[in-house]
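Asker: Below is the file start-v5.cif, which contains mmCIF, C-alpha atoms.
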data_query
loop_
_atom_site.label_atom_id
_atom_site.label_comp_id
_atom_site.auth_asym_id
_atom_site.auth_seq_id
_atom_site.Cartn_x
_atom_site.Cartn_y
_atom_site.Cartn_z
CA MET A 30 0.00 0.00 0.00
CA MET A 31 2.83 2.39 0.92
CA LYS A 32 4.56 1.56 -2.34
CA GLN A 33 1.43 2.43 -4.32
CA LEU A 34 1.08 5.75 -2.46
CA PHE A 35 4.74 6.54 -3.15
CA ILE A 36 4.27 5.80 -6.86
CA CYS A 37 1.14 7.99 -7.03
CA PHE A 38 2.89 10.82 -5.18
CA SER A 39 5.90 10.59 -7.48
CA PHE A 40 3.67 10.67 -10.57
CA LEU A 41 1.83 13.76 -9.33
CA LEU A 42 5.13 15.49 -8.54
CA ILE A 43 6.45 14.79 -12.05
CA MET A 44 3.23 16.15 -13.59
CA LEU A 45 3.45 19.29 -11.44
CA ILE A 46 7.08 19.94 -12.42
CA SER A 47 6.24 19.33 -16.06
CA ALA A 48 3.32 21.76 -15.94
CA CYS A 49 5.51 24.42 -14.34
CA LYS A 50 8.07 24.04 -17.10
CA LYS A 51 5.40 24.36 -19.80
CA ASP A 52 4.02 27.55 -18.22
CA ASN A 53 7.41 29.11 -17.71
CA TYR A 54 7.13 31.43 -20.73
CA LYS A 55 8.25 35.03 -20.80
CA SER A 56 5.36 37.44 -20.15
CA PRO A 57 4.40 39.87 -22.94
CA ASP A 58 6.35 43.07 -22.31
CA ALA A 59 6.27 44.93 -25.63
CA GLU A 60 3.98 47.80 -26.57
CA LEU A 61 2.75 49.46 -29.74
CA SER A 62 1.70 53.12 -29.82
CA GLY A 63 1.20 55.95 -32.27
CA ASN A 64 -1.30 58.33 -33.80
CA ILE A 65 -4.05 58.32 -36.41
CA ILE A 66 -2.79 61.02 -38.78
CA ASP A 67 -4.65 63.02 -41.43
CA ILE A 68 -2.51 62.44 -44.52
CA THR A 69 -3.26 65.95 -45.84
CA THR A 70 -2.79 68.10 -42.71
CA GLY A 71 -0.41 65.89 -40.72
CA LYS A 72 -2.60 66.43 -37.65
CA ASN A 73 -4.19 63.80 -35.43
CA VAL A 74 -7.73 62.73 -36.28
CA PRO A 75 -9.81 63.07 -33.05
CA GLN A 76 -11.84 60.03 -32.09
CA GLN A 77 -14.80 58.80 -30.08
CA THR A 78 -13.56 56.62 -27.22
CA ASN A 79 -16.75 55.04 -25.94
CA VAL A 80 -19.13 52.61 -27.64
CA GLY A 81 -19.26 53.38 -31.36
CA GLY A 82 -15.70 54.68 -31.54
CA GLY A 83 -12.76 53.69 -33.71
CA TYR A 84 -10.35 50.88 -32.90
CA LEU A 85 -7.38 48.90 -34.15
CA GLN A 86 -7.14 45.17 -34.68
CA LEU A 87 -3.70 43.61 -34.30
CA PHE A 88 -2.83 40.18 -35.67
CA GLN A 89 0.50 38.56 -34.75
CA THR A 90 1.36 37.08 -38.12
CA ASP A 91 4.35 35.02 -36.95
CA TYR A 92 2.06 33.14 -34.56
CA PRO A 93 -0.03 30.23 -35.93
CA LYS A 94 -3.71 31.10 -36.40
CA PRO A 95 -3.55 34.53 -34.69
CA SER A 96 -6.75 35.95 -33.24
CA ALA A 97 -7.51 39.68 -33.32
CA ILE A 98 -6.18 41.84 -30.48
CA GLN A 99 -8.43 44.90 -30.31
CA THR A 100 -7.51 48.29 -28.86
CA ALA A 101 -9.63 51.45 -28.74
CA LEU A 102 -8.45 54.77 -30.13
CA HIS A 103 -8.00 57.67 -27.72
CA THR A 104 -9.92 60.95 -27.85
CA ASP A 105 -6.96 62.88 -29.27
CA GLY A 106 -6.40 60.35 -32.08
CA SER A 107 -3.57 58.46 -30.39
CA TYR A 108 -3.47 54.81 -29.39
CA MET A 109 -1.41 52.46 -27.25
CA HIS A 110 -1.52 48.73 -26.61
CA SER A 111 0.75 47.16 -24.02
CA PHE A 112 1.32 43.51 -23.06
CA LEU A 113 2.26 42.41 -26.55
CA PHE A 114 4.86 39.84 -27.48
CA ASN A 115 7.70 40.94 -29.71
CA GLY A 116 6.99 39.84 -33.26
CA SER A 117 5.38 40.68 -36.60
CA TYR A 118 1.91 42.23 -36.60
CA LYS A 119 -0.69 43.23 -39.15
CA ILE A 120 -2.60 46.38 -38.16
CA VAL A 121 -6.17 46.91 -39.37
CA PRO A 122 -7.64 50.31 -38.32
CA THR A 123 -11.39 50.95 -38.26
CA GLY A 124 -13.08 54.30 -37.64
CA PRO A 125 -14.32 57.55 -39.26
CA PHE A 126 -11.71 57.47 -42.00
CA PHE A 127 -10.36 55.72 -45.07
CA TYR A 128 -7.04 54.05 -44.37
CA LEU A 129 -4.59 53.70 -47.19
CA ASP A 130 -2.86 50.35 -46.67
CA THR A 131 -2.87 47.42 -44.29
CA LEU A 132 0.25 47.88 -42.18
CA ASN A 133 2.69 45.12 -41.37
CA VAL A 134 5.11 46.05 -38.60
CA LYS A 135 7.78 44.55 -36.40
CA VAL A 136 7.14 45.14 -32.71
CA ASN A 137 10.26 45.07 -30.56
CA GLY A 138 10.04 46.57 -27.10
CA SER A 139 8.41 50.00 -27.26
CA THR A 140 7.46 50.56 -30.92
CA LYS A 141 5.73 53.63 -32.38
CA ILE A 142 3.79 53.60 -35.66
CA ASP A 143 1.70 56.51 -37.00
CA ILE A 144 -1.16 55.46 -39.27
CA LYS A 145 -2.01 57.81 -42.16
CA VAL A 146 -5.69 58.07 -43.08
CA VAL A 147 -8.21 60.25 -44.90
CA PRO A 148 -10.91 61.35 -42.41
CA TYR A 149 -14.51 61.29 -43.59
CA LEU A 150 -14.88 64.87 -42.30
CA THR A 151 -12.74 67.55 -40.69
CA ILE A 152 -14.53 69.43 -37.90
CA THR A 153 -13.64 72.73 -36.24
CA CYS A 154 -15.28 74.16 -33.13
CA ALA A 155 -14.77 77.72 -31.87
CA LEU A 156 -16.00 79.34 -28.67
CA LEU A 157 -18.31 82.31 -29.34
CA SER A 158 -19.43 83.15 -25.81
CA LYS A 159 -20.18 81.76 -22.36
CA THR A 160 -22.27 82.61 -19.30
CA SER A 161 -22.53 81.01 -15.88
CA THR A 162 -24.93 78.38 -17.25
CA SER A 163 -24.25 78.14 -20.99
CA ILE A 164 -21.58 77.83 -23.67
CA THR A 165 -22.08 78.95 -27.28
CA VAL A 166 -19.86 77.52 -30.02
CA ARG A 167 -19.61 77.62 -33.81
CA VAL A 168 -19.09 74.33 -35.66
CA ASN A 169 -17.83 74.10 -39.23
CA VAL A 170 -17.52 71.00 -41.38
CA ALA A 171 -15.04 70.35 -44.19
CA GLN A 172 -14.93 67.29 -46.41
CA PRO A 173 -11.75 65.99 -48.07
CA ALA A 174 -11.90 65.64 -51.84
CA GLN A 175 -11.41 61.88 -51.47
CA SER A 176 -14.67 61.56 -49.50
CA THR A 177 -18.03 61.74 -51.25
CA GLN A 178 -20.17 60.30 -48.47
CA LYS A 179 -23.40 62.14 -47.60
CA ILE A 180 -23.04 64.41 -44.56
CA ALA A 181 -25.88 63.41 -42.26
CA ARG A 182 -25.36 65.16 -38.88
CA VAL A 183 -23.65 68.15 -37.31
CA LEU A 184 -23.48 68.56 -33.54
CA ALA A 185 -21.94 70.17 -30.47
CA VAL A 186 -21.62 68.47 -27.07
CA ALA A 187 -20.19 69.34 -23.66
CA ALA A 188 -19.45 67.41 -20.47
CA PRO A 189 -17.26 67.70 -17.35
CA PHE A 190 -15.27 64.68 -18.59
CA ASN A 191 -12.94 64.44 -21.60
CA THR A 192 -14.62 61.44 -23.22
CA VAL A 193 -17.59 63.58 -24.25
CA ASP A 194 -19.27 62.44 -27.48
CA VAL A 195 -22.61 62.09 -29.24
CA ASN A 196 -23.82 59.59 -26.64
CA ASN A 197 -22.09 60.96 -23.53
CA TYR A 198 -22.77 64.60 -22.70
CA THR A 199 -24.28 66.79 -20.03
CA SER A 200 -27.77 68.36 -19.94
CA ASN A 201 -28.35 68.93 -23.67
CA ARG A 202 -26.58 69.05 -27.01
CA GLY A 203 -26.85 70.82 -30.34
CA LEU A 204 -27.73 68.45 -33.18
CA THR A 205 -28.73 69.15 -36.79
CA ASN A 206 -29.99 66.57 -39.28
CA THR A 207 -28.47 67.61 -42.60
CA GLU A 208 -29.58 64.71 -44.78
CA ALA A 209 -31.96 66.93 -46.78
CA LEU A 210 -29.15 69.34 -47.69
CA ASP A 211 -26.44 68.88 -50.28
CA ASN A 212 -22.87 68.56 -49.01
CA ALA A 213 -21.76 71.86 -50.56
CA THR A 214 -24.40 73.76 -48.58
CA ILE A 215 -23.40 72.06 -45.33
CA VAL A 216 -19.71 72.79 -45.85
CA ASN A 217 -20.46 76.45 -46.53
CA THR A 218 -22.68 76.87 -43.46
CA SER A 219 -21.61 77.68 -39.89
CA TYR A 220 -23.63 75.93 -37.18
CA ASP A 221 -24.00 77.87 -33.92
CA TYR A 222 -25.12 75.96 -30.82
CA THR A 223 -25.82 77.08 -27.28
CA ILE A 224 -25.43 74.33 -24.71
CA SER A 225 -27.41 75.38 -21.65
CA GLN A 226 -28.35 74.16 -18.17
CA LEU A 227 -24.69 74.04 -17.15
CA LYS A 228 -23.23 74.65 -13.69
CA PRO A 229 -21.52 77.95 -12.82
CA ALA A 230 -17.72 78.06 -12.41
CA THR A 231 -17.39 74.54 -13.78
CA HIS A 232 -14.79 73.18 -16.20
CA TYR A 233 -16.29 71.61 -19.35
CA TYR A 234 -14.91 69.74 -22.32
CA VAL A 235 -16.61 70.79 -25.57
CA ARG A 236 -16.46 69.25 -29.03
CA GLY A 237 -18.08 69.79 -32.38
CA GLY A 238 -18.85 66.73 -34.45
CA GLY A 239 -20.23 65.48 -37.72
CA ARG A 240 -21.25 62.19 -39.24
CA THR A 241 -21.49 60.94 -42.80
CA ILE A 242 -23.68 58.04 -43.84
CA ASN A 243 -21.10 55.31 -43.35
CA ALA A 244 -21.24 51.62 -42.48
CA GLY A 245 -20.18 52.07 -38.86
CA SER A 246 -22.12 55.32 -38.22
CA TYR A 247 -18.81 56.80 -37.05
CA TYR A 248 -18.58 60.47 -36.04
CA ASN A 249 -15.67 62.76 -36.71
CA TYR A 250 -14.88 65.34 -34.03
CA SER A 251 -13.05 68.60 -33.57
CA SER A 252 -10.16 69.02 -31.21
CA MET A 253 -11.27 69.41 -27.60
CA LEU A 254 -12.16 72.84 -26.23
CA GLU A 255 -11.78 73.36 -22.48
CA VAL A 256 -14.16 76.02 -21.18
CA THR A 257 -14.94 77.12 -17.64
CA THR A 258 -18.36 78.69 -17.17
CA ASN A 259 -18.61 82.07 -15.47
CA SER A 260 -19.24 82.46 -11.78
CA GLN A 261 -22.69 83.64 -10.78
#
Please rewrite the model in this file as structure tokens.

Answerer:
Amino acid sequence: MMKQLFICFSFLLIMLISACKKDNYKSPDAELSGNIIDITTGKNVPQQTNVGGGYLQLFQTDYPKPSAIQTALHTDGSYMHSFLFNGSYKIVPTGPFFYLDTLNVKVNGSTKIDIKVVPYLTITCALLSKTSTSITVRVNVAQPAQSTQKIARVLAVAAPFNTVDVNNYTSNRGLTNTEALDNATIVNTSYDYTISQLKPATHYYVRGGGRTINAGSYYNYSSMLEVTTNSQ
């Protein structure tokens, strides 16, 4: 009986040592970062960071049957994904833009790759005025020559957090349905919005936005404005 117990114990010990050896792989310690760049202006293309925003898919091509590693784009048009293994990756970007080529890159340690795209729209947002409870902005929309998609919406949103977007905003938003207008008219029109019911002496993040009729219903956004409402 003791002999059988010794044999069983020895077998379990060998299995445990074997399992430890198999799991003794180096942890992923590489990272990939960069920016989504407008190929015409050289500037970052601002993004929506919550549900409905742009993202990258990474495929490690020197690994058999790689599955997609997905990472969201940041508000300012940058991105970063840590905990990668060093190796070869294919990058597939998705968002409010046309991307030019599928990228194949070598990731080794900390690697930076900027991705050049053509945004569906370019949005600007300028502060016109503010009170203790409201912010008024002017939104303008431009469309690159490479994009012929129908411009469907123009908007302005504000929130006390910097992930403000069409779905995440405070109190109210300015939104115009432009589907009945031709693109030339929209591009040549300034859209003024007053966002009201705000709190006095409060710091807000404000963005203009616009959406074409596109498969992902992606919005393009302006750079972020930071506005503090007046004191009462």

Asker: With a distance cut-off of 8 Å and all atoms listed in the file, select the neighbouring residues of Gly81 of chain A, excluding the residue or stretch itself and same-chain residues fewer than 3 positions from it, and output the selection as a list in words.

Answerer: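 My reading of the contact set: Gln77, Thr78, Gly245, Ser246 and Tyr247 of chain A.
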
Asker: Given only C-alpha atoms, how would the per-residue table for segment 226-256 of chain A near segment 148-170 of chain A read, listing every residue at most 7 Å away with its closest atom pair and distance in Å to one decimal, sorted by chain and number, as a tab-separated table?

Answerer:
residue	atom	partner	partner_atom	distance
A:Gln226	CA	A:Thr162	CA	5.5
A:Leu227	CA	A:Thr162	CA	4.3
A:Lys228	CA	A:Thr162	CA	5.4
A:Pro229	CA	A:Ser161	CA	4.4
A:Ala230	CA	A:Ser161	CA	6.6
A:Arg236	CA	A:Cys154	CA	6.5
A:Gly237	CA	A:Cys154	CA	5.2
A:Gly238	CA	A:Ile152	CA	6.2
A:Gly239	CA	A:Ile152	CA	6.9
A:Asn249	CA	A:Leu150	CA	6.0
A:Tyr250	CA	A:Ile152	CA	5.6
A:Ser251	CA	A:Ile152	CA	4.7

Asker: Please enumerate the residues selected by the PyMOL selection byres ((chain A and resi 57) around 8) when evaluated against the supplied file, formatted as a VMD selection string.

Answerer: chain A and resid 55 to 56 58 to 59 112 to 115

Asker: With only C-alpha atoms as the atoms that count, which of A:Pro75, A:Pro189, A:Gly63, A:Gly124 lies nearest to Thr104 of chain A?

Answerer: A:Pro75

Asker: Which residues would end up in the selection if the PyMOL selection byres ((chain A and resi 99) around 7) were applied here, given that I need the answer as a list in words?

Answerer: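 Selected by the PyMOL selection byres ((chain A and resi 99) around 7) in this file: Tyr84, Leu85, Gln86, Leu87, Ala97, Ile98, Thr100 and Ala101 of chain A.
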
Asker: Name every residue that the PyMOL selection byres ((chain A and resi 144) around 9) selects in this structure, writing the answer as a list in words with chains first and numbers rising.

Answerer: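 When the PyMOL selection byres ((chain A and resi 144) around 9) is applied to the shown file, the picked residues are Gly63, Asn64, Ile65, Ile66, Asp67, Ile68, Pro122, Tyr128, Leu129, Leu132, Ile142, Asp143, Lys145 and Val146 of chain A.
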
Asker: What gap, in Å, lies between atom CA of Leu61 of chain A and atom CA of Ser176 of chain A?

Answerer: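 These two atoms are separated by 29.0 Å.
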
Asker: Find the axis-aligned box for segment 198-203 of chain A, covering all its listed atoms and adding 5 Å on each side, and write its centre and edge lengths in Å to one decimal as AutoDock Vina command-line options.

Answerer:
--center_x -25.6 --center_y 67.7 --center_z -25.1 --size_x 15.6 --size_y 16.2 --size_z 20.4

Asker: Report, in Å to a single decimal, how far apart atom CA of Ala187 of chain A and atom CA of Thr199 of chain A are.

Answerer: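 Taking atom CA of Thr199 of chain A and atom CA of Ala187 of chain A, their separation equals 6.0 Å.
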
Asker: With distances taken over only C-alpha atoms, which of A:Asn73, A:Asp91, A:His110, A:Arg202 is nearest to Phe126 of chain A?

Answerer: A:Asn73

Asker: Would you mind reading off the distance between atom CA of Ser62 of chain A and atom CA of His103 of chain A, one decimal, in Å?

Answerer: 10.9 Å
